[in-house]
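K.L.:
For reference, the structure I am asking about is given below.
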Amino acid sequence: MIDSVIAYIAALFAATGFWIPAVVVLVAGLMRGFAGFGSAMLMAPVFAVLFGPTDMIATVVAIELAVSLQLFPSARGDCDWRIVGPMSVVVCLAMPLGAWLLASVDKGLIVKTVSGIIVVFVLIMASGIRYRGERSVGAGMVVGALSGVMMATTSVGGPPVLMYLLAGNDPPARHRANIITYYMATQVPLIGIMFWYGLAGVGSIVRGLVLLPLMLVGAWIGRLLFNPRDERLYRSVALAILFGAGAFGLLRDLIIR
């Protein structure tokens, strides 16, 4: 039995090896632990190339959910539930449309879309442009609808939500708690929808569980390193890493040749 499980797990990584996704997951965990965001955006373009867009989503979400469970208890007290709650509900309602797109759109286009979204997000965040409108329930629901479609199609639903939640003058701890809570509230429904539409297989979930310990270790270390006074440093490092991951996805055909 154990030999069969080991053989099955080895087959999941046979085409790519284990060390590349392992390193990516460890770094993603560090980013998630100290910044509260960035892990899915780092893993998505690399895993889409390694495993394919559909398997990538299930693998990323399986890993992300476990990390959310780890980080949520210490963050929930700082969350602004008035904004995050209604937005998360709308995200879940919009996910079926994203799942339909995932099943219908060319897979190569999805890889490019994921990578392009990440690069644009990084450039916007690095430029200092921020959402300046009112953070109301209505505005949050509009952002949530867009994020839900993006999340189910690409696993990267964070950019519009991050730009919205990072607006205003809230302290770093509040920003971090809002982001962690948002992911926690939306990842369970996303996995359910993926299985319901037949887009997630057992193999992608197993792959995520095998990589999970590295993510948890990275998130734990990142949480220990978190210091609100160093928010600018954290964000700069996270954005630089994300830009590299997005550029890899966009230029992968040239890199692999």
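We label chains A, B, ... in the order they appear in the structure tokens, count residues from 1 in each chain, and number ligands from 1 in the order shown.
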Per residue of stretch 40-144 of chain A within 7 Å of stretch 148-172 of chain A, note the shortest atom pair and the distance in Å to one decimal, counting only C-alpha atoms, and order the rows by chain and increasing residue number, as a Markdown table.
P.N.:
```
| residue | atom | partner | partner_atom | distance |
| --- | --- | --- | --- | --- |
| A:Ala40 | CA | A:Val156 | CA | 6.5 |
| A:Met41 | CA | A:Val156 | CA | 5.9 |
| A:Ala44 | CA | A:Ser155 | CA | 6.9 |
| A:Ile57 | CA | A:Ser155 | CA | 5.2 |
| A:Val91 | CA | A:Gly148 | CA | 4.1 |
| A:Cys92 | CA | A:Gly148 | CA | 6.1 |
| A:Ala94 | CA | A:Gly148 | CA | 4.9 |
| A:Met95 | CA | A:Gly148 | CA | 4.8 |
| A:Leu97 | CA | A:Val149 | CA | 6.0 |
| A:Gly98 | CA | A:Val149 | CA | 4.1 |
| A:Ala99 | CA | A:Ala152 | CA | 5.2 |
| A:Leu101 | CA | A:Thr153 | CA | 6.2 |
| A:Leu102 | CA | A:Thr153 | CA | 4.8 |
| A:Ile110 | CA | A:Thr154 | CA | 6.7 |
| A:Val114 | CA | A:Thr154 | CA | 5.9 |
| A:Phe121 | CA | A:Pro159 | CA | 6.0 |
| A:Arg130 | CA | A:Ala167 | CA | 6.0 |
| A:Tyr131 | CA | A:Ala167 | CA | 5.5 |
| A:Arg132 | CA | A:Ala167 | CA | 6.6 |
| A:Val143 | CA | A:Val161 | CA | 6.2 |
| A:Gly144 | CA | A:Gly148 | CA | 6.0 |
```
K.L.:
Let's have the selection written as a short mmCIF file (atom, residue, chain, number, x, y, z; two decimals), in the first residue's frame, with all heavy atoms.
P.N.:
```
data_model
loop_
_atom_site.label_atom_id
_atom_site.label_comp_id
_atom_site.auth_asym_id
_atom_site.auth_seq_id
_atom_site.Cartn_x
_atom_site.Cartn_y
_atom_site.Cartn_z
N ALA A 40 -0.27 32.68 -4.13
CA ALA A 40 -0.96 32.12 -5.30
C ALA A 40 -0.43 32.74 -6.58
O ALA A 40 -0.26 32.05 -7.60
CB ALA A 40 -2.46 32.34 -5.18
N MET A 41 -0.15 34.04 -6.56
CA MET A 41 0.34 34.71 -7.76
C MET A 41 1.74 34.23 -8.13
O MET A 41 2.12 34.25 -9.31
CB MET A 41 0.32 36.23 -7.56
CG MET A 41 -1.07 36.82 -7.64
SD MET A 41 -1.08 38.62 -7.57
CE MET A 41 -0.91 38.88 -5.82
N ALA A 44 1.06 30.31 -9.41
CA ALA A 44 0.17 30.10 -10.55
C ALA A 44 0.90 30.06 -11.90
O ALA A 44 0.73 29.09 -12.65
CB ALA A 44 -0.93 31.15 -10.57
N ILE A 57 -4.73 25.10 -10.86
CA ILE A 57 -5.69 25.77 -9.99
C ILE A 57 -5.99 24.92 -8.76
O ILE A 57 -5.95 25.39 -7.63
CB ILE A 57 -6.98 26.10 -10.76
CG1 ILE A 57 -6.69 27.14 -11.83
CG2 ILE A 57 -8.06 26.61 -9.81
CD1 ILE A 57 -7.88 27.51 -12.68
N VAL A 91 -17.86 36.91 -4.37
CA VAL A 91 -16.79 36.15 -5.03
C VAL A 91 -17.26 34.73 -5.30
O VAL A 91 -17.11 34.20 -6.41
CB VAL A 91 -15.53 36.13 -4.14
CG1 VAL A 91 -14.52 35.11 -4.68
CG2 VAL A 91 -14.87 37.50 -4.10
N CYS A 92 -17.84 34.09 -4.30
CA CYS A 92 -18.29 32.70 -4.44
C CYS A 92 -19.40 32.57 -5.46
O CYS A 92 -19.45 31.59 -6.22
CB CYS A 92 -18.74 32.16 -3.08
SG CYS A 92 -17.41 32.11 -1.84
N ALA A 94 -19.78 34.35 -8.10
CA ALA A 94 -19.25 34.58 -9.45
C ALA A 94 -18.34 33.45 -9.93
O ALA A 94 -18.03 33.39 -11.12
CB ALA A 94 -18.47 35.91 -9.47
N MET A 95 -17.95 32.56 -9.05
CA MET A 95 -17.01 31.50 -9.42
C MET A 95 -17.50 30.56 -10.52
O MET A 95 -16.70 30.14 -11.38
CB MET A 95 -16.61 30.69 -8.18
CG MET A 95 -15.63 31.40 -7.28
SD MET A 95 -15.25 30.41 -5.81
CE MET A 95 -14.14 31.51 -4.96
N LEU A 97 -19.09 31.11 -13.22
CA LEU A 97 -18.78 31.70 -14.53
C LEU A 97 -17.32 31.51 -14.86
O LEU A 97 -16.95 31.18 -16.00
CB LEU A 97 -19.14 33.19 -14.54
CG LEU A 97 -18.76 33.97 -15.81
CD1 LEU A 97 -19.40 33.35 -17.04
CD2 LEU A 97 -19.14 35.44 -15.67
N GLY A 98 -16.44 31.70 -13.87
CA GLY A 98 -15.02 31.48 -14.10
C GLY A 98 -14.70 30.04 -14.41
O GLY A 98 -13.85 29.74 -15.27
N ALA A 99 -15.40 29.10 -13.74
CA ALA A 99 -15.20 27.68 -14.02
C ALA A 99 -15.61 27.34 -15.44
O ALA A 99 -14.96 26.53 -16.13
CB ALA A 99 -15.98 26.84 -13.01
N LEU A 101 -15.52 29.39 -17.99
CA LEU A 101 -14.48 29.93 -18.86
C LEU A 101 -13.25 29.01 -18.88
O LEU A 101 -12.64 28.79 -19.93
CB LEU A 101 -14.08 31.33 -18.40
CG LEU A 101 -15.11 32.44 -18.63
CD1 LEU A 101 -14.66 33.73 -17.95
CD2 LEU A 101 -15.31 32.67 -20.12
N LEU A 102 -12.88 28.49 -17.72
CA LEU A 102 -11.73 27.60 -17.63
C LEU A 102 -11.91 26.38 -18.52
O LEU A 102 -10.96 25.92 -19.16
CB LEU A 102 -11.50 27.17 -16.18
CG LEU A 102 -10.38 26.15 -15.93
CD1 LEU A 102 -9.03 26.73 -16.33
CD2 LEU A 102 -10.37 25.72 -14.47
N ILE A 110 -4.85 30.93 -21.18
CA ILE A 110 -5.01 31.08 -19.73
C ILE A 110 -3.66 31.33 -19.07
O ILE A 110 -3.53 32.18 -18.19
CB ILE A 110 -5.70 29.85 -19.13
CG1 ILE A 110 -7.16 29.79 -19.58
CG2 ILE A 110 -5.63 29.88 -17.60
CD1 ILE A 110 -7.90 28.57 -19.10
N VAL A 114 -2.91 34.65 -16.95
CA VAL A 114 -2.45 34.64 -15.55
C VAL A 114 -1.20 35.49 -15.40
O VAL A 114 -1.09 36.35 -14.52
CB VAL A 114 -2.16 33.19 -15.10
CG1 VAL A 114 -1.48 33.19 -13.72
CG2 VAL A 114 -3.44 32.38 -15.03
N PHE A 121 -0.48 43.87 -12.32
CA PHE A 121 -0.70 44.15 -10.90
C PHE A 121 0.57 44.68 -10.24
O PHE A 121 0.53 45.67 -9.49
CB PHE A 121 -1.16 42.87 -10.20
CG PHE A 121 -1.12 42.95 -8.70
CD1 PHE A 121 -2.10 43.63 -8.00
CD2 PHE A 121 -0.12 42.32 -7.98
CE1 PHE A 121 -2.08 43.70 -6.62
CE2 PHE A 121 -0.07 42.38 -6.60
CZ PHE A 121 -1.06 43.09 -5.91
N ARG A 130 -3.16 53.81 -6.32
CA ARG A 130 -4.03 53.13 -5.38
C ARG A 130 -5.49 53.47 -5.69
O ARG A 130 -5.78 54.52 -6.26
CB ARG A 130 -3.72 53.54 -3.93
CG ARG A 130 -2.34 53.15 -3.45
CD ARG A 130 -2.19 51.66 -3.28
NE ARG A 130 -0.89 51.32 -2.72
CZ ARG A 130 0.20 51.10 -3.45
NH1 ARG A 130 0.15 51.20 -4.77
NH2 ARG A 130 1.33 50.78 -2.86
N TYR A 131 -6.35 52.57 -5.31
CA TYR A 131 -7.79 52.86 -5.39
C TYR A 131 -8.11 53.96 -4.38
O TYR A 131 -7.81 53.83 -3.19
CB TYR A 131 -8.58 51.58 -5.08
CG TYR A 131 -10.07 51.82 -4.93
CD1 TYR A 131 -10.88 52.01 -6.05
CD2 TYR A 131 -10.66 51.84 -3.66
CE1 TYR A 131 -12.24 52.20 -5.91
CE2 TYR A 131 -12.03 52.04 -3.52
CZ TYR A 131 -12.81 52.22 -4.66
OH TYR A 131 -14.16 52.43 -4.52
N ARG A 132 -8.72 55.04 -4.85
CA ARG A 132 -8.99 56.19 -3.98
C ARG A 132 -10.47 56.37 -3.69
O ARG A 132 -10.85 57.30 -2.98
CB ARG A 132 -8.46 57.47 -4.64
CG ARG A 132 -6.97 57.44 -4.98
CD ARG A 132 -6.12 57.24 -3.74
NE ARG A 132 -4.70 57.25 -4.07
CZ ARG A 132 -3.74 56.95 -3.19
NH1 ARG A 132 -4.05 56.61 -1.95
NH2 ARG A 132 -2.47 56.97 -3.55
N VAL A 143 -15.99 44.54 -6.89
CA VAL A 143 -14.64 43.98 -6.91
C VAL A 143 -14.69 42.47 -6.71
O VAL A 143 -13.98 41.71 -7.37
CB VAL A 143 -13.76 44.64 -5.83
CG1 VAL A 143 -12.42 43.93 -5.71
CG2 VAL A 143 -13.55 46.12 -6.14
N GLY A 144 -15.55 42.03 -5.81
CA GLY A 144 -15.68 40.60 -5.54
C GLY A 144 -16.15 39.81 -6.74
O GLY A 144 -15.68 38.69 -6.99
#
```
K.L.:
Using only C-alpha atoms, which residues sit within 12 Å of A:Val23 once same-chain residues fewer than 2 positions away are excluded, as a JSON list (two decimals) with C-alpha atoms, in the first residue's frame?
P.N.:
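File produced: selection21.json:
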```json
[["chain", "number", "residue", "atom", "x", "y", "z"],
["A", 17, "GLY", "CA", 10.90, 16.72, -10.89],
["A", 18, "PHE", "CA", 10.17, 17.76, -7.35],
["A", 19, "TRP", "CA", 12.70, 20.44, -6.53],
["A", 20, "ILE", "CA", 11.33, 23.22, -8.80],
["A", 21, "PRO", "CA", 7.78, 23.24, -7.36],
["A", 25, "VAL", "CA", 6.14, 26.67, -2.71],
["A", 26, "LEU", "CA", 8.67, 27.43, 0.04],
["A", 27, "VAL", "CA", 9.23, 30.98, -1.23],
["A", 28, "ALA", "CA", 5.49, 31.42, -1.70],
["A", 29, "GLY", "CA", 4.96, 30.41, 1.92],
["A", 30, "LEU", "CA", 7.44, 33.01, 3.12],
["A", 42, "LEU", "CA", 3.84, 33.27, -7.44],
["A", 43, "MET", "CA", 2.79, 29.64, -7.83],
["A", 46, "VAL", "CA", 5.04, 28.50, -12.74],
["A", 47, "PHE", "CA", 2.62, 25.66, -11.98],
["A", 211, "LEU", "CA", 3.96, 20.21, -1.26],
["A", 212, "LEU", "CA", 1.92, 21.56, 1.66],
["A", 213, "PRO", "CA", 4.51, 21.01, 4.44],
["A", 214, "LEU", "CA", 6.95, 23.30, 2.62],
["A", 215, "MET", "CA", 4.28, 25.99, 2.37],
["A", 217, "VAL", "CA", 7.06, 25.92, 7.08],
["A", 218, "GLY", "CA", 7.56, 28.96, 4.86]]
```
K.L.:
Choose the residue, out of A:Arg82, A:Lys112, A:Arg223, A:Arg176, that has the smallest atom-to-atom separation from A:Gln70; count only C-alpha atoms.
P.N.:
A:Arg223
K.L.:
Could you list, as a ChimeraX atom specification, every residue within 7 Å of A:Gly33, counting only C-alpha atoms and ignoring same-chain residues fewer than 6 positions away?
P.N.:
/A:219-223
K.L.:
Those residues with C-alpha atoms, as a tab-separated table (two decimals), in the first residue's frame please?
P.N.:
```tsv
chain	number	residue	atom	x	y	z
A	219	ALA	CA	4.38	30.64	6.16
A	220	TRP	CA	5.41	29.97	9.76
A	221	ILE	CA	8.84	31.52	9.20
A	222	GLY	CA	7.30	34.44	7.33
A	223	ARG	CA	4.84	35.06	10.18
```
K.L.:
Applying 9 Å and only C-alpha atoms, which residues near A:Ile205 remain after dropping the ones on its own chain fewer than 5 positions away? List them as a ChimeraX atom specification.
P.N.:
/A:55,58-63,200,210
K.L.:
Looking only at alpha helix (DSSP H) from DSSP on the backbone, list the matching residues of stretch 97-200 of chain A as a PyMOL selection string.
P.N.:
chain A and resi 97-104+107-127+137-154+158-165+172-196
K.L.:
Hey, which of A:Leu109, A:Met141, A:Leu209, A:Trp196 ends up closest to A:Gly52? Count only C-alpha atoms.
P.N.:
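Smallest distance to A:Gly52 is found for A:Leu109.
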K.L.:
Could you tell me which of A:Phe51, A:Phe34, A:Trp100, A:Phe243 comes closest to A:Gly203 if we count only C-alpha atoms?
P.N.:
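Distance minimum relative to A:Gly203 lands on A:Phe51.
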K.L.:
Using only C-alpha atoms, pick whichever of A:Leu199, A:Val84, A:Leu239, A:Met184 has the shortest atom-to-atom distance to A:Ala66.
P.N.:
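The shortest atom-to-atom distance to A:Ala66 comes from A:Met184.
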K.L.:
Between A:Met31, A:Val90, A:Val105, A:Val119, which has the minimum distance to A:Leu251 (counting only C-alpha atoms)?
P.N.:
A:Val119
K.L.:
Can you pull out every residue within 10 Å of A:Gly108, counting only C-alpha atoms, but drop anything in the same chain fewer than 6 positions away, and send it as a PDB file with all heavy atoms, in the first residue's frame?
P.N.:
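In the end it all went to result_30.pdb:
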```pdb
ATOM      1  N   ALA A  48       1.289  26.565 -13.822  1.00  0.00           N
ATOM      2  CA  ALA A  48       0.547  26.440 -15.079  1.00  0.00           C
ATOM      3  C   ALA A  48       1.436  25.894 -16.176  1.00  0.00           C
ATOM      4  O   ALA A  48       1.000  25.098 -17.019  1.00  0.00           O
ATOM      5  CB  ALA A  48      -0.032  27.797 -15.484  1.00  0.00           C
ATOM      6  N   VAL A  49       2.690  26.312 -16.173  1.00  0.00           N
ATOM      7  CA  VAL A  49       3.657  25.799 -17.151  1.00  0.00           C
ATOM      8  C   VAL A  49       4.021  24.352 -16.833  1.00  0.00           C
ATOM      9  O   VAL A  49       4.104  23.504 -17.719  1.00  0.00           O
ATOM     10  CB  VAL A  49       4.919  26.689 -17.175  1.00  0.00           C
ATOM     11  CG1 VAL A  49       6.001  26.062 -18.051  1.00  0.00           C
ATOM     12  CG2 VAL A  49       4.575  28.082 -17.677  1.00  0.00           C
ATOM     13  N   GLY A  52       0.005  22.391 -16.168  1.00  0.00           N
ATOM     14  CA  GLY A  52      -1.175  22.714 -16.955  1.00  0.00           C
ATOM     15  C   GLY A  52      -2.131  23.579 -16.155  1.00  0.00           C
ATOM     16  O   GLY A  52      -2.189  23.481 -14.929  1.00  0.00           O
ATOM     17  N   PRO A  53      -2.913  24.446 -16.827  1.00  0.00           N
ATOM     18  CA  PRO A  53      -3.756  25.416 -16.127  1.00  0.00           C
ATOM     19  C   PRO A  53      -4.787  24.800 -15.197  1.00  0.00           C
ATOM     20  O   PRO A  53      -5.022  25.290 -14.095  1.00  0.00           O
ATOM     21  CB  PRO A  53      -4.439  26.176 -17.272  1.00  0.00           C
ATOM     22  CG  PRO A  53      -3.539  26.001 -18.442  1.00  0.00           C
ATOM     23  CD  PRO A  53      -2.934  24.633 -18.288  1.00  0.00           C
TER      24      PRO A  53
END
```
K.L.:
Within 12 Å of A:Ser74, counting only C-alpha atoms, which residues qualify if same-chain residues fewer than 2 places away don't, as a list in words?
P.N.:
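Selected residues are Gly33, Ser68, Leu69, Gln70, Leu71, Phe72, Arg76, Gly77, Asp78, Cys79, Ala173, Arg174, Arg176, Ala177, Asn178, Ile180, Thr181 and Arg223 of chain A.
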K.L.:
What separation in Å, quoted to one decimal, exists between atom CA of A:Val24 and atom CA of A:Ala245?
P.N.:
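Interatomic distance here is 9.6 Å.
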K.L.:
Ranking A:Leu233, A:Leu250, A:Ala240, A:Ile83 by minimum distance to A:Ala139 and counting only C-alpha atoms, which one comes first?
P.N.:
A:Ile83
